[in-house]
$ cat run-v3.cif   # mmCIF, C-alpha atoms
data_structure
loop_
_atom_site.label_atom_id
_atom_site.label_comp_id
_atom_site.auth_asym_id
_atom_site.auth_seq_id
_atom_site.Cartn_x
_atom_site.Cartn_y
_atom_site.Cartn_z
CA TYR B 17 -6.96 -7.55 -11.45
CA SER B 18 -6.65 -3.79 -11.55
CA PHE B 19 -9.29 -1.37 -10.32
CA LEU B 20 -10.20 2.19 -11.27
CA ALA B 21 -12.63 3.89 -8.91
CA PHE B 22 -14.50 7.11 -9.73
CA LYS B 23 -17.11 9.42 -8.20
CA PRO B 24 -16.51 9.29 -4.42
CA LYS B 25 -19.75 9.69 -2.48
CA GLU B 26 -18.57 9.32 1.12
CA TYR B 27 -15.34 9.62 3.10
CA ILE B 28 -14.21 8.22 6.43
CA VAL B 29 -11.34 10.04 8.16
CA ALA B 30 -10.58 8.60 11.59
CA ASP B 31 -7.99 7.61 14.18
CA ASP B 32 -9.53 4.21 14.93
CA TRP B 33 -11.63 1.47 13.27
CA THR B 34 -15.08 2.39 14.64
CA LYS B 35 -16.57 4.32 11.70
CA LEU B 36 -15.22 1.94 9.06
CA GLU B 37 -16.48 -1.07 11.03
CA GLU B 38 -19.95 0.46 11.16
CA ALA B 39 -19.94 1.17 7.41
CA LEU B 40 -18.78 -2.33 6.45
CA SER B 41 -21.26 -4.07 8.77
CA SER B 42 -24.35 -2.47 7.19
CA ASP B 43 -26.62 -4.78 5.20
CA GLU B 44 -26.12 -3.08 1.84
CA SER B 45 -22.35 -2.60 2.12
CA CYS B 46 -21.47 -5.79 0.21
CA TYR B 47 -23.69 -4.91 -2.73
CA GLU B 48 -23.72 -1.14 -3.06
CA ASN B 49 -20.44 0.15 -1.65
CA CYS B 50 -16.84 -0.08 -2.84
CA TRP B 51 -14.31 1.25 -0.35
CA PHE B 52 -10.75 2.23 -1.28
CA GLY B 53 -8.13 3.98 0.80
CA TYR B 54 -5.42 3.18 3.29
CA LEU B 55 -4.98 1.97 6.87
CA GLY B 56 -2.00 3.62 8.53
CA TYR B 57 0.45 1.94 10.89
CA GLY B 58 -0.81 4.22 13.68
CA LEU B 59 -4.04 2.22 13.81
CA LYS B 60 -2.19 -0.46 15.78
CA ASN B 61 -2.42 1.82 18.83
CA SER B 62 -6.21 1.67 18.79
CA LEU B 63 -5.92 -2.11 19.35
CA GLU B 64 -3.07 -2.38 21.83
CA LYS B 65 -0.41 -0.27 23.51
CA LEU B 66 2.68 -0.18 21.29
CA PRO B 67 5.57 2.25 20.67
CA GLU B 68 4.71 5.18 18.42
CA ASP B 69 6.56 8.07 16.80
CA SER B 70 5.90 11.21 18.82
CA GLU B 71 6.08 13.32 15.67
CA PRO B 72 5.23 11.50 12.42
CA PHE B 73 7.23 12.55 9.36
CA ILE B 74 4.13 12.65 7.14
CA LYS B 75 1.07 14.09 8.84
CA THR B 76 -1.85 12.14 7.38
CA PRO B 77 -4.92 10.66 9.07
CA ARG B 78 -4.45 7.17 10.50
CA LEU B 79 -7.37 5.93 8.44
CA LEU B 80 -8.66 7.44 5.20
CA MET B 81 -11.26 5.60 3.13
CA ALA B 82 -13.60 6.65 0.33
CA CYS B 83 -16.76 4.97 -0.94
CA PHE B 84 -17.08 5.17 -4.74
CA ASN B 85 -20.06 5.11 -7.09
CA LEU B 86 -18.31 3.77 -10.18
CA LEU B 87 -15.74 1.02 -10.57
CA LEU B 88 -13.87 -0.41 -13.56
CA VAL B 89 -12.40 -3.87 -13.00
CA PHE B 90 -9.69 -5.06 -15.41
CA ASP B 91 -9.04 -8.80 -15.71
CA HIS B 92 -5.50 -9.05 -17.08
CA LEU B 93 -5.66 -12.78 -17.79
CA GLU B 94 -8.90 -12.64 -19.79
CA GLU B 95 -8.16 -9.13 -21.12
CA THR B 96 -11.66 -7.96 -20.26
CA CYS B 97 -13.12 -5.03 -18.36
CA PHE B 98 -16.16 -5.07 -16.08
CA VAL B 99 -18.11 -1.98 -15.09
CA TRP B 100 -19.81 -1.81 -11.69
CA SER B 101 -22.00 0.87 -10.19
CA GLY B 102 -24.54 1.18 -7.42
CA SER B 103 -26.59 3.43 -9.70
CA SER B 104 -27.58 3.00 -13.35
CA GLU B 105 -27.24 6.76 -13.79
CA ASN B 106 -23.47 6.53 -13.31
CA LEU B 107 -23.18 4.03 -16.16
CA LYS B 108 -24.08 6.83 -18.60
CA ASN B 109 -20.91 8.74 -17.76
CA ILE B 110 -18.09 6.24 -17.87
CA PRO B 111 -14.72 8.03 -18.33
CA MET B 112 -13.17 7.44 -21.72
CA PRO B 113 -9.45 6.61 -22.23
CA VAL B 114 -7.12 9.53 -22.89
CA ALA B 115 -3.63 9.74 -24.32
CA GLU B 116 -0.78 8.47 -22.18
CA PRO B 117 0.48 11.12 -19.75
CA LYS B 118 3.52 13.03 -20.92
CA GLU B 119 6.74 12.33 -19.08
CA GLN B 120 7.86 15.22 -16.94
CA CYS B 121 11.25 16.14 -15.58
CA VAL B 122 11.03 15.83 -11.81
CA GLU B 123 13.69 17.59 -9.78
CA VAL B 124 14.06 17.24 -6.03
CA GLU B 125 15.00 20.40 -4.16
CA THR B 126 15.78 18.95 -0.74
CA ILE B 127 15.95 15.43 0.64
CA SER B 128 16.83 14.12 4.09
CA SER B 129 16.41 10.98 6.17
CA ASN B 130 15.46 9.94 9.69
CA MET B 131 18.80 8.11 10.06
CA ASN B 132 22.19 8.09 8.40
CA ARG B 133 23.94 5.04 6.91
CA LEU B 134 25.79 4.17 10.11
CA GLN B 135 22.65 4.45 12.25
CA TYR B 136 20.80 2.22 9.81
CA PHE B 137 23.39 -0.58 10.05
CA GLU B 138 23.44 -0.23 13.85
CA ASN B 139 19.66 -0.74 13.88
CA VAL B 140 20.04 -3.78 11.61
CA GLU B 141 22.38 -5.34 14.20
CA LYS B 142 19.85 -4.64 16.97
CA VAL B 143 17.09 -6.35 14.95
CA LEU B 144 19.31 -9.40 14.31
CA GLU B 145 20.07 -9.69 18.02
CA ALA B 146 16.35 -9.40 18.85
CA ILE B 147 15.59 -12.23 16.40
CA LYS B 148 18.29 -14.43 17.97
CA ARG B 149 16.83 -13.76 21.46
CA GLY B 150 13.39 -14.75 20.19
CA ASP B 151 11.86 -11.31 20.82
CA LEU B 152 10.48 -11.23 17.26
CA SER B 153 10.40 -13.36 14.13
CA GLN B 154 10.14 -10.62 11.52
CA ALA B 155 10.89 -6.90 11.46
CA ASN B 156 10.34 -4.19 8.90
CA LEU B 157 13.20 -1.76 9.46
CA THR B 158 12.52 1.19 7.20
CA ARG B 159 14.72 4.14 6.48
CA LYS B 160 12.55 7.09 5.53
CA PHE B 161 13.52 9.68 2.94
CA PHE B 162 11.52 12.90 2.68
CA GLY B 163 11.87 16.25 0.98
CA ALA B 164 10.37 18.66 -1.53
CA PHE B 165 10.13 19.02 -5.29
CA LYS B 166 11.47 22.11 -7.04
CA SER B 167 8.20 22.75 -8.86
CA LYS B 168 4.60 21.55 -8.90
CA ILE B 169 4.37 17.94 -10.06
CA ASN B 170 1.69 15.70 -11.52
CA ALA B 171 1.57 12.77 -9.11
CA PHE B 172 -0.34 10.49 -11.47
CA GLU B 173 2.26 10.97 -14.22
CA ILE B 174 4.94 9.89 -11.74
CA PHE B 175 2.85 6.82 -10.86
CA ALA B 176 2.44 5.93 -14.55
CA LYS B 177 6.21 6.20 -15.08
CA ILE B 178 6.95 3.99 -12.06
CA CYS B 179 4.56 1.36 -13.45
CA LYS B 180 6.56 1.34 -16.70
CA VAL B 181 10.01 1.31 -15.12
CA SER B 182 9.24 -1.07 -12.25
CA PRO B 183 5.84 -2.77 -12.59
CA ALA B 184 4.83 -4.21 -9.21
CA PRO B 185 1.78 -6.40 -8.49
CA TYR B 186 0.69 -4.27 -5.53
CA SER B 187 0.73 -0.71 -6.80
CA SER B 188 -1.76 2.05 -6.18
CA PHE B 189 -2.46 5.71 -6.77
CA LEU B 190 -4.80 7.46 -4.35
CA ARG B 191 -6.22 10.96 -4.63
CA LEU B 192 -8.36 11.45 -1.54
CA LYS B 193 -9.31 14.51 0.50
CA GLY B 194 -6.43 16.63 -0.74
CA TYR B 195 -3.83 13.85 -0.38
CA GLU B 196 -2.07 12.13 -3.27
CA ILE B 197 -0.28 8.84 -2.55
CA VAL B 198 1.90 6.90 -4.99
CA SER B 199 2.60 3.36 -3.81
CA SER B 200 4.50 0.46 -5.37
CA SER B 201 5.25 -2.88 -3.72
CA PRO B 202 6.20 -6.37 -4.93
CA GLU B 203 4.91 -8.04 -1.75
CA ARG B 204 1.46 -8.52 -0.27
CA PHE B 205 1.08 -7.36 3.30
CA LEU B 206 -2.18 -9.12 4.14
CA THR B 207 -5.20 -10.72 2.51
CA LEU B 208 -8.36 -12.07 4.12
CA ASP B 209 -10.66 -14.60 2.44
CA ASN B 210 -14.34 -15.39 2.95
CA ASN B 211 -13.46 -17.99 5.59
CA SER B 212 -11.59 -15.37 7.66
CA LYS B 213 -8.24 -16.96 6.80
CA ALA B 214 -5.47 -14.36 6.84
CA GLU B 215 -2.35 -14.72 4.71
CA SER B 216 0.79 -12.58 4.58
CA ARG B 217 3.50 -12.97 1.91
CA PRO B 218 6.54 -10.88 2.82
CA ILE B 219 9.63 -10.96 0.63
CA LYS B 220 12.14 -9.48 3.05
CA GLY B 221 13.77 -12.10 5.24
CA SER B 222 12.86 -15.01 3.00
CA ALA B 223 14.83 -17.34 0.73
CA PRO B 224 13.87 -19.81 -2.03
CA ARG B 225 13.41 -23.54 -1.33
CA PHE B 226 14.92 -26.29 -3.52
CA SER B 227 14.10 -29.98 -4.07
CA ASP B 228 17.84 -30.61 -4.15
CA ILE B 229 18.88 -31.09 -0.48
CA LYS B 230 22.32 -29.50 -0.89
CA LYS B 231 20.90 -26.40 -2.63
CA ASP B 232 18.19 -26.14 0.03
CA GLU B 233 20.73 -26.29 2.85
CA GLU B 234 22.90 -23.68 1.12
CA SER B 235 19.89 -21.38 0.77
CA LEU B 236 19.20 -21.78 4.49
CA ARG B 237 22.85 -21.04 5.33
CA GLN B 238 22.86 -17.86 3.26
CA LEU B 239 19.61 -16.69 4.87
CA ALA B 240 21.02 -17.23 8.35
#
$ encode --input "run-v3.cif" --output "structure tokens"
Amino acid sequence: YSFLAFKPKEYIVADDWTKLEEALSSDESCYENCWFGYLGYGLKNSLEKLPEDSEPFIKTPRLLMACFNLLLVFDHLEETCFVWSGSSENLKNIPMPVAEPKEQCVEVETISSNMNRLQYFENVEKVLEAIKRGDLSQANLTRKFFGAFKSKINAFEIFAKICKVSPAPYSSFLRLKGYEIVSSSPERFLTLDNNSKAESRPIKGSAPRFSDIKKDEESLRQLA
């Protein structure tokens, strides 16, 4: 499925889960409200005491969610589109398709990172040692790149181009409260079903299984 959400009617900007928990626990939330947004890594510190960057590279709220009045749901298998709204009035003003966005030339003026190549490989070694000691079973070691564009850009056009060049099952474009976020990922971080069963499907640190015993053992050896 893909979702297009329009007409935001309410925002939640917070450093913990309290306001979102209240909104989702209301009686009408399941039938009248559709929430989209993001949950930042910093939210972990509202649950337990963990290390945290003293100065984040990108200064955004830890939690930013928006409740929308109009939702288009695309079923890619059936090639159908469903329209949902909490108000019949919104159904009269469904956005119509427009021409594909024009490709723009995007030039980066400056770019830097929070670690150089050598530091990155040193941190990889530290993570491997921590895994061997049993301190952790999985780590997401990220090297951040940040900078500025030479001129004003259209973020949605960049998102559309990324979807063409590298279509990923978990992609999103958010335009909320003055922030624009382009996201593209082939792996699912977490899903929660109606029975409160949580499932995570990371790609990093995994290897394929084989019915052939020799191939399976070789895959395990390469992963190790």
$ closest_residue --input "run-v3.cif" --among "B:Asp31, B:Glu138, B:Glu119, B:Asp91" --to "Ser62 (chain B)" --atoms "all atoms listed in the file"
B:Asp31
$ closest_residue --input "run-v3.cif" --among "B:Ser227, B:Asp209, B:Tyr54, B:Thr126" --to "Ala164 (chain B)" --atoms "all atoms listed in the file"
B:Thr126
$ resolve_selection --input "run-v3.cif" --expression "the PyMOL selection byres ((chain B and resi 184-190) around 8)" --output "PyMOL selection string"
chain B and resi 53+172+175+179+182-183+191-192+195-204
$ closest_atom_pairs --input "run-v3.cif" --of "region 60-155 of chain B" --to "region 37-43 of chain B" --cutoff "12 Å" --atoms "all atoms listed in the file" --output "tab-separated table"
residue	atom	partner	partner_atom	distance
B:Leu79	CA	B:Glu37	CA	11.8
B:Met81	CA	B:Ala39	CA	10.6
B:Ala82	CA	B:Ala39	CA	11.0
B:Cys83	CA	B:Ala39	CA	9.7
$ write_last_selection --input "run-v3.cif" --atoms "C-alpha atoms" --output "short mmCIF file (atom, residue, chain, number, x, y, z; two decimals), keeping the file's coordinate frame"
data_model
loop_
_atom_site.label_atom_id
_atom_site.label_comp_id
_atom_site.auth_asym_id
_atom_site.auth_seq_id
_atom_site.Cartn_x
_atom_site.Cartn_y
_atom_site.Cartn_z
CA LEU B 79 -7.37 5.93 8.44
CA MET B 81 -11.26 5.60 3.13
CA ALA B 82 -13.60 6.65 0.33
CA CYS B 83 -16.76 4.97 -0.94
#
$ closest_residue --input "run-v3.cif" --among "B:Thr76, B:Ser235, B:Asn132, B:Gln120" --to "Ser167 (chain B)" --atoms "all atoms listed in the file"
B:Gln120
$ resolve_selection --input "run-v3.cif" --expression "the PyMOL selection byres ((chain B and resi 219) around 12)" --output "ChimeraX atom specification"
/B:154-156,201-205,216-218,220-224
$ residues_around --input "run-v3.cif" --residues "Ile74 (chain B)" --least-positions-apart "6" --cutoff "12 Å" --atoms "only C-alpha atoms" --output "list of chain:residue names"
B:Gly56, B:Tyr57, B:Gly58, B:Asn130, B:Lys160, B:Phe161, B:Phe162, B:Gly163, B:Tyr195, B:Ile197
$ residues_around --input "run-v3.cif" --residues "Phe84 (chain B)" --least-positions-apart "4" --cutoff "12 Å" --atoms "all atoms listed in the file" --output "PDB file with C-alpha atoms, in the coordinates of the input"
ATOM      1  CA  PHE B  19      -9.290  -1.370 -10.320  1.00  0.00           C
ATOM      2  CA  LEU B  20     -10.200   2.190 -11.270  1.00  0.00           C
ATOM      3  CA  ALA B  21     -12.630   3.890  -8.910  1.00  0.00           C
ATOM      4  CA  PHE B  22     -14.500   7.110  -9.730  1.00  0.00           C
ATOM      5  CA  LYS B  23     -17.110   9.420  -8.200  1.00  0.00           C
ATOM      6  CA  PRO B  24     -16.510   9.290  -4.420  1.00  0.00           C
ATOM      7  CA  LYS B  25     -19.750   9.690  -2.480  1.00  0.00           C
ATOM      8  CA  GLU B  26     -18.570   9.320   1.120  1.00  0.00           C
ATOM      9  CA  TYR B  27     -15.340   9.620   3.100  1.00  0.00           C
ATOM     10  CA  ILE B  28     -14.210   8.220   6.430  1.00  0.00           C
ATOM     11  CA  SER B  45     -22.350  -2.600   2.120  1.00  0.00           C
ATOM     12  CA  GLU B  48     -23.720  -1.140  -3.060  1.00  0.00           C
ATOM     13  CA  ASN B  49     -20.440   0.150  -1.650  1.00  0.00           C
ATOM     14  CA  CYS B  50     -16.840  -0.080  -2.840  1.00  0.00           C
ATOM     15  CA  TRP B  51     -14.310   1.250  -0.350  1.00  0.00           C
ATOM     16  CA  PHE B  52     -10.750   2.230  -1.280  1.00  0.00           C
ATOM     17  CA  GLY B  53      -8.130   3.980   0.800  1.00  0.00           C
ATOM     18  CA  LEU B  88     -13.870  -0.410 -13.560  1.00  0.00           C
ATOM     19  CA  TRP B 100     -19.810  -1.810 -11.690  1.00  0.00           C
ATOM     20  CA  SER B 101     -22.000   0.870 -10.190  1.00  0.00           C
ATOM     21  CA  GLY B 102     -24.540   1.180  -7.420  1.00  0.00           C
ATOM     22  CA  SER B 103     -26.590   3.430  -9.700  1.00  0.00           C
ATOM     23  CA  ASN B 106     -23.470   6.530 -13.310  1.00  0.00           C
ATOM     24  CA  LEU B 192      -8.360  11.450  -1.540  1.00  0.00           C
TER      25      LEU B 192
END
$ atom_distance --input "run-v3.cif" --atom1 "CA of Pro72 (chain B)" --atom2 "CA of Phe137 (chain B)"
21.9 Å
$ closest_residue --input "run-v3.cif" --among "B:Leu80, B:Glu64, B:Asn210, B:Trp33" --to "Gly194 (chain B)" --atoms "only C-alpha atoms"
B:Leu80
$ residues_around --input "run-v3.cif" --residues "Val140 (chain B)" --least-positions-apart "4" --cutoff "12 Å" --atoms "only C-alpha atoms" --output "JSON, numbers by chain"
{"B": [133, 134, 135, 136, 144, 145, 146, 147, 155, 156, 157, 158, 159]}
